[in-house]
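Colleague: Structure file coords.cif (mmCIF, C-alpha atoms) right here:
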data_model
#
loop_
_atom_site.label_atom_id
_atom_site.label_comp_id
_atom_site.auth_asym_id
_atom_site.auth_seq_id
_atom_site.Cartn_x
_atom_site.Cartn_y
_atom_site.Cartn_z
CA MET A 1 64.32 105.21 89.96
CA ALA A 2 67.65 105.64 91.75
CA SER A 3 69.56 105.46 88.50
CA ALA A 4 67.56 108.36 87.10
CA GLU A 5 67.94 110.56 90.19
CA ILE A 6 71.56 109.95 91.07
CA PRO A 7 73.15 111.62 88.00
CA THR A 8 71.09 114.77 88.60
CA SER A 9 72.80 115.23 91.97
CA ARG A 10 76.28 115.26 90.46
CA PRO A 11 76.23 118.87 89.12
CA ALA A 12 75.23 120.11 92.60
CA ALA A 13 78.22 118.23 94.02
CA LEU A 14 80.53 119.79 91.47
CA ARG A 15 79.39 123.29 92.41
CA LEU A 16 80.36 122.78 96.06
CA SER A 17 83.80 123.79 97.22
CA ALA A 18 86.33 121.10 98.03
CA MET A 19 86.07 121.93 101.74
CA ALA A 20 82.27 121.62 101.66
CA GLN A 21 82.53 118.24 99.95
CA PHE A 22 85.10 117.15 102.54
CA ARG A 23 82.79 118.16 105.39
CA THR A 24 79.93 116.24 103.78
CA ALA A 25 82.06 113.10 103.42
CA LEU A 26 83.23 113.52 107.02
CA ALA A 27 79.59 113.70 108.10
CA LEU A 28 78.95 110.35 106.41
CA VAL A 29 81.85 108.82 108.34
CA SER A 30 80.69 110.47 111.59
CA ARG A 31 77.25 108.96 111.14
CA ASP A 32 78.70 105.44 110.89
CA VAL A 33 80.86 106.01 113.97
CA ALA A 34 77.88 107.39 115.89
CA VAL A 35 75.85 104.28 115.02
CA LEU A 36 78.77 102.14 116.23
CA LEU A 37 79.11 104.02 119.52
CA HIS A 38 75.37 103.84 120.11
CA ASN A 39 75.85 100.19 121.17
CA PRO A 40 79.53 99.83 122.13
CA PHE A 41 78.96 96.69 124.22
CA ALA A 42 77.91 94.67 121.17
CA PHE A 43 80.95 95.93 119.25
CA VAL A 44 83.33 94.95 122.07
CA ILE A 45 81.84 91.47 122.43
CA ARG A 46 81.78 90.87 118.67
CA THR A 47 85.38 92.02 118.33
CA ALA A 48 87.07 90.59 121.40
CA MET A 49 85.35 87.21 121.78
CA GLN A 50 87.13 85.31 118.99
CA PRO A 51 90.73 86.44 119.72
CA ALA A 52 90.15 85.97 123.45
CA LEU A 53 88.93 82.39 123.00
CA PHE A 54 91.75 81.52 120.59
CA SER A 55 94.32 82.89 123.02
CA PHE A 56 92.73 81.17 126.00
CA VAL A 57 92.72 77.76 124.33
CA PHE A 58 96.04 77.83 122.48
CA ALA A 59 98.20 79.95 124.78
CA TYR A 60 96.69 79.22 128.20
CA VAL A 61 94.88 75.87 128.24
CA PHE A 62 97.10 73.82 125.91
CA PRO A 63 100.41 74.45 127.73
CA ARG A 64 98.79 73.55 131.04
CA ILE A 65 97.34 70.23 129.92
CA GLY A 66 100.50 68.97 128.26
CA PHE A 67 99.73 70.10 124.73
CA GLY A 68 102.06 73.07 125.07
CA ILE A 69 102.87 74.92 121.87
CA GLY A 70 106.48 75.95 122.15
CA GLY A 71 107.45 74.30 125.43
CA GLY A 72 106.30 74.11 129.01
CA ALA A 73 103.55 76.00 130.72
CA ARG A 74 105.49 79.18 131.30
CA SER A 75 107.45 79.37 128.06
CA GLY A 76 104.60 77.97 125.98
CA SER A 77 101.99 80.45 127.11
CA SER A 78 104.25 83.48 126.96
CA GLY A 79 106.14 82.58 123.79
CA PHE A 80 103.16 81.49 121.75
CA GLY A 81 101.03 84.29 123.13
CA ASN A 82 103.51 86.82 121.77
CA VAL A 83 103.39 85.11 118.36
CA LEU A 84 99.61 84.97 118.48
CA LEU A 85 98.89 88.59 119.45
CA PRO A 86 100.08 90.26 116.19
CA GLY A 87 98.39 87.59 114.10
CA LEU A 88 95.07 87.98 115.86
CA MET A 89 95.29 91.74 115.47
CA ALA A 90 95.90 91.27 111.74
CA SER A 91 93.00 88.86 111.26
CA THR A 92 90.77 91.23 113.24
CA LEU A 93 91.74 94.14 110.99
CA MET A 94 90.80 92.14 107.91
CA PHE A 95 87.66 90.54 109.33
CA GLN A 96 86.36 93.76 110.85
CA GLY A 97 86.91 95.64 107.60
CA ILE A 98 84.89 93.10 105.67
CA GLN A 99 82.22 92.87 108.35
CA ALA A 100 81.87 96.64 108.74
CA VAL A 101 81.77 97.41 105.00
CA ALA A 102 80.85 94.36 102.91
CA LEU A 103 77.92 93.05 104.94
CA PRO A 104 76.14 96.43 105.31
CA LEU A 105 76.69 97.15 101.60
CA VAL A 106 75.11 93.85 100.58
CA GLN A 107 72.09 94.68 102.72
CA GLU A 108 71.89 98.28 101.50
CA PHE A 109 72.04 97.30 97.85
CA SER A 110 69.51 94.49 98.18
CA PHE A 111 67.11 95.29 101.02
CA SER A 112 67.23 98.60 102.89
CA LYS A 113 68.20 100.77 99.87
CA GLU A 114 69.90 103.15 102.32
CA ILE A 115 72.73 103.53 99.84
CA GLU A 116 70.41 105.61 97.64
CA ASP A 117 70.25 108.28 100.35
CA ARG A 118 74.03 108.31 100.69
CA VAL A 119 74.75 108.76 97.00
CA MET A 120 72.29 111.66 96.87
CA ALA A 121 74.61 113.60 99.18
CA PRO A 122 76.29 116.60 97.45
CA VAL A 123 79.62 114.83 96.96
CA PRO A 124 81.05 112.76 94.08
CA THR A 125 80.21 109.06 94.08
CA TRP A 126 83.82 108.16 94.78
CA ALA A 127 83.68 110.21 98.01
CA VAL A 128 80.76 108.11 99.24
CA ALA A 129 82.77 104.95 98.52
CA VAL A 130 85.86 106.32 100.26
CA SER A 131 83.77 107.34 103.29
CA LYS A 132 82.70 103.70 103.55
CA ILE A 133 86.36 102.65 103.58
CA VAL A 134 87.29 105.26 106.18
CA SER A 135 84.45 104.36 108.54
CA GLY A 136 85.34 100.67 108.18
CA ALA A 137 89.00 101.45 108.87
CA VAL A 138 88.07 103.39 112.03
CA GLN A 139 86.17 100.35 113.28
CA GLY A 140 89.11 98.13 112.33
CA CYS A 141 91.58 100.24 114.34
CA LEU A 142 89.28 100.19 117.37
CA ALA A 143 88.86 96.43 117.03
CA ALA A 144 92.63 95.85 116.80
CA ALA A 145 93.15 97.91 119.95
CA LEU A 146 90.60 95.76 121.79
CA VAL A 147 92.48 92.59 120.84
CA VAL A 148 95.45 93.54 123.05
CA PRO A 149 93.65 93.51 126.43
CA ALA A 150 91.53 90.55 125.31
CA VAL A 151 94.62 88.43 124.58
CA TRP A 152 96.42 89.72 127.69
CA ILE A 153 93.55 88.63 129.94
CA ALA A 154 92.89 85.35 128.10
CA THR A 155 96.53 84.24 128.36
CA GLY A 156 96.65 84.94 132.08
CA ARG A 157 98.67 88.15 131.57
CA ALA A 158 101.47 86.06 130.09
CA ILE A 159 102.22 88.12 126.98
CA ASN A 160 104.90 90.81 126.95
CA PRO A 161 104.71 92.67 123.63
CA ASP A 162 107.46 95.05 122.59
CA TRP A 163 106.10 98.61 122.54
CA SER A 164 109.35 100.23 121.41
CA HIS A 165 108.26 100.67 117.75
CA PRO A 166 105.14 102.87 117.95
CA LEU A 167 105.46 104.32 114.44
CA THR A 168 105.70 100.89 112.85
CA LEU A 169 102.81 99.61 114.96
CA SER A 170 100.48 102.53 114.25
CA SER A 171 101.28 102.67 110.53
CA ILE A 172 100.71 98.93 110.02
CA VAL A 173 97.45 99.06 111.97
CA ILE A 174 96.18 101.98 109.88
CA LEU A 175 97.28 100.44 106.58
CA GLY A 176 95.84 97.07 107.58
CA ALA A 177 92.53 98.63 108.59
CA LEU A 178 92.29 100.54 105.31
CA ALA A 179 93.21 97.42 103.31
CA GLY A 180 90.57 95.35 105.10
CA ALA A 181 87.92 98.03 104.56
CA SER A 182 88.83 98.46 100.89
CA LEU A 183 88.53 94.71 100.38
CA GLY A 184 85.19 94.93 102.16
CA LEU A 185 84.06 97.62 99.70
CA LEU A 186 85.07 95.46 96.75
CA MET A 187 83.40 92.35 98.14
CA GLY A 188 80.26 94.27 99.11
CA THR A 189 79.76 95.46 95.54
CA ILE A 190 80.24 92.12 93.80
CA VAL A 191 78.73 89.60 96.25
CA SER A 192 75.00 88.89 96.15
CA PRO A 193 72.98 88.11 99.30
CA LYS A 194 72.70 84.48 98.19
CA SER A 195 76.49 84.16 98.11
CA ILE A 196 77.29 85.86 101.42
CA ASN A 197 77.93 82.53 103.16
CA LEU A 198 80.40 81.59 100.45
CA LEU A 199 82.26 84.82 101.17
CA PHE A 200 83.22 83.50 104.59
CA ALA A 201 83.84 79.93 103.49
CA LEU A 202 85.96 80.75 100.43
CA LEU A 203 87.60 84.00 101.56
CA ILE A 204 87.64 84.67 105.29
CA LEU A 205 88.76 81.21 106.45
CA PRO A 206 91.64 80.85 103.93
CA LEU A 207 92.79 84.43 104.59
CA THR A 208 92.93 83.70 108.32
CA LEU A 209 94.28 80.16 108.42
CA LEU A 210 96.89 80.86 105.72
CA GLY A 211 97.67 84.40 106.88
CA CYS A 212 100.52 83.58 109.29
CA VAL A 213 98.17 84.42 112.14
CA TYR A 214 99.19 81.50 114.35
CA TYR A 215 102.80 81.16 113.23
CA PRO A 216 105.57 83.35 111.74
CA TRP A 217 106.08 83.23 107.99
CA SER A 218 109.64 81.95 108.54
CA ALA A 219 108.23 78.85 110.28
CA LEU A 220 106.83 77.68 106.94
CA HIS A 221 110.34 77.10 105.57
CA PRO A 222 109.97 73.26 105.59
CA LEU A 223 106.94 73.73 103.30
CA ARG A 224 108.57 75.98 100.74
CA TRP A 225 105.70 75.75 98.25
CA LEU A 226 103.24 76.90 100.91
CA GLN A 227 105.59 79.62 102.12
CA ILE A 228 105.60 81.07 98.60
CA ALA A 229 101.86 80.55 98.00
CA VAL A 230 100.77 82.49 101.10
CA LEU A 231 102.62 85.58 99.86
CA PHE A 232 99.48 86.34 97.82
CA ASN A 233 97.54 86.72 101.08
CA PRO A 234 97.37 90.34 102.40
CA VAL A 235 96.85 89.09 105.97
CA VAL A 236 100.40 87.68 105.85
CA TYR A 237 101.83 91.18 105.48
CA MET A 238 99.62 92.55 108.24
CA SER A 239 100.66 89.73 110.57
CA GLU A 240 104.34 90.03 109.76
CA GLY A 241 104.31 93.83 109.99
CA LEU A 242 102.65 93.74 113.40
CA ARG A 243 104.99 90.95 114.49
CA ALA A 244 107.95 93.11 113.45
CA SER A 245 106.65 95.75 115.84
CA LEU A 246 105.32 93.72 118.77
CA ALA A 247 107.46 90.55 118.66
CA PRO A 248 110.58 91.19 116.54
CA GLN A 249 112.44 88.36 118.27
CA PHE A 250 110.57 85.81 116.14
CA GLY A 251 111.75 87.16 112.80
CA HIS A 252 109.56 88.60 110.08
CA ILE A 253 109.27 89.51 106.42
CA SER A 254 111.19 92.62 105.38
CA LEU A 255 109.27 95.77 106.28
CA TRP A 256 109.94 97.09 102.76
CA ALA A 257 107.90 94.19 101.41
CA VAL A 258 105.24 94.64 104.08
CA TYR A 259 104.70 98.34 103.35
CA GLY A 260 105.03 97.92 99.59
CA LEU A 261 102.48 95.12 99.34
CA LEU A 262 100.01 96.70 101.75
CA ILE A 263 100.12 100.08 100.01
CA GLY A 264 99.96 98.50 96.57
CA GLY A 265 97.09 96.22 97.54
CA LEU A 266 95.25 99.13 99.17
CA ILE A 267 95.49 101.22 96.00
CA VAL A 268 94.35 98.39 93.73
CA MET A 269 91.43 97.33 95.95
CA THR A 270 90.30 100.92 96.51
CA ILE A 271 90.24 101.72 92.79
CA ALA A 272 88.52 98.44 91.92
CA GLY A 273 86.02 98.82 94.77
CA GLU A 274 85.23 102.42 93.83
CA GLN A 275 84.64 101.47 90.20
CA MET A 276 82.35 98.58 91.15
CA PHE A 277 80.54 100.79 93.65
CA LYS A 278 79.94 103.46 91.01
CA ARG A 279 78.69 100.84 88.57
CA ARG A 280 76.21 99.47 91.13
CA VAL A 281 74.73 102.81 92.23
CA ILE A 282 74.43 104.36 88.77
CA SER A 283 73.26 101.30 86.84
#
Go ahead and express the file in the form of structure tokens.
Modeller:
Amino acid sequence: MASAEIPTSRPAALRLSAMAQFRTALALVSRDVAVLLHNPFAFVIRTAMQPALFSFVFAYVFPRIGFGIGGGARSGSSGFGNVLLPGLMASTLMFQGIQAVALPLVQEFSFSKEIEDRVMAPVPTWAVAVSKIVSGAVQGCLAAALVVPAVWIATGRAINPDWSHPLTLSSIVILGALAGASLGLLMGTIVSPKSINLLFALLILPLTLLGCVYYPWSALHPLRWLQIAVLFNPVVYMSEGLRASLAPQFGHISLWAVYGLLIGGLIVMTIAGEQMFKRRVIS
């Protein structure tokens, strides 16, 4: 019955002023944030546990048991920790965007049908889709911020990120969060509940392991074919952009390429996700 009711709400949306539609879309985002803040402990644990454990094992334990990555105990933990921090922030931005948008959408389309209530709001369908991206991006930014203290504690306070590029840092975090959430919107509209496990096996793991999370892109130079192949991975540009801000001493992809690919990918995924979203709710 949703397909018959949804189109009748569109004329009401068109009669509202742009400001009224904006306030309605903002209310949808505020609702998602309120739900998130209702149980902040679960969000912190879910977000910080993985980067903290990775940092603890690779940047704290390994150097101290003779498996040091990058040298002895002191240089290994500090040096590799500084490489690891931007990469873990990037993977968190992507993973959180998918988790905050794709998984709820799959459930809403298939089980709870909550999405029907959202699309009956007096705003265009695209505004409902964009509100999903914005709320996912807000969660992604919060999650990326939590990674910093988690890695700092897990490495034994050995990291020393460079905070002298705040504009680059904030812009990459925001773009990365929006890109992750827009990919989540696209995935949430095309993945069925039966295929949700494949989403992580075929998408999340390759994006992370081949996203220059644990190593700079320049370190792949001996494997030139792989260095070129990973350029199709958006996490690479998040990792390298954050590394340019927090650890520029390790070298990074040109920021022109980072911004260009992130913005271009964001536009493409947002348009594709919005079109698929509209097709699902009106079909």
Colleague: Once the PyMOL selection byres ((chain A and resi 159-163) around 10) is applied to the coordinates I shared, what remains selected? I want it as an NGL selection string.
Modeller: :A and (59 or 77-86 or 148 or 151-158 or 164-169 or 243-249)
Colleague: Which residues would end up in the selection if the PyMOL selection byres ((chain A and resi 219-235) around 9) were applied here, given that I need the answer as a ChimeraX atom specification?
Modeller: /A:87,90-91,93-94,176,179-180,206-208,210-213,215-218,236-240,261-262,265
Colleague: How many Å separate CA of Arg46 (chain A) from CA of Leu186 (chain A)?
Modeller: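 One can read the CA of Arg46 (chain A) to CA of Leu186 (chain A) distance as 22.6 Å.
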Colleague: Looking at A:Leu183, A:Leu255, A:Leu242, A:Val281, which one is nearest to Val268 (chain A), with distances taken over only C-alpha atoms?
Modeller: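 Going through A:Leu183, A:Leu255, A:Leu242, A:Val281 one by one, the smallest distance to Val268 (chain A) is for A:Leu183.
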Colleague: Using only C-alpha atoms, which residue out of A:Gln50, A:Gln99, A:Thr189, A:Thr270 lies closest to Gly140 (chain A)?
Modeller: A:Gln99
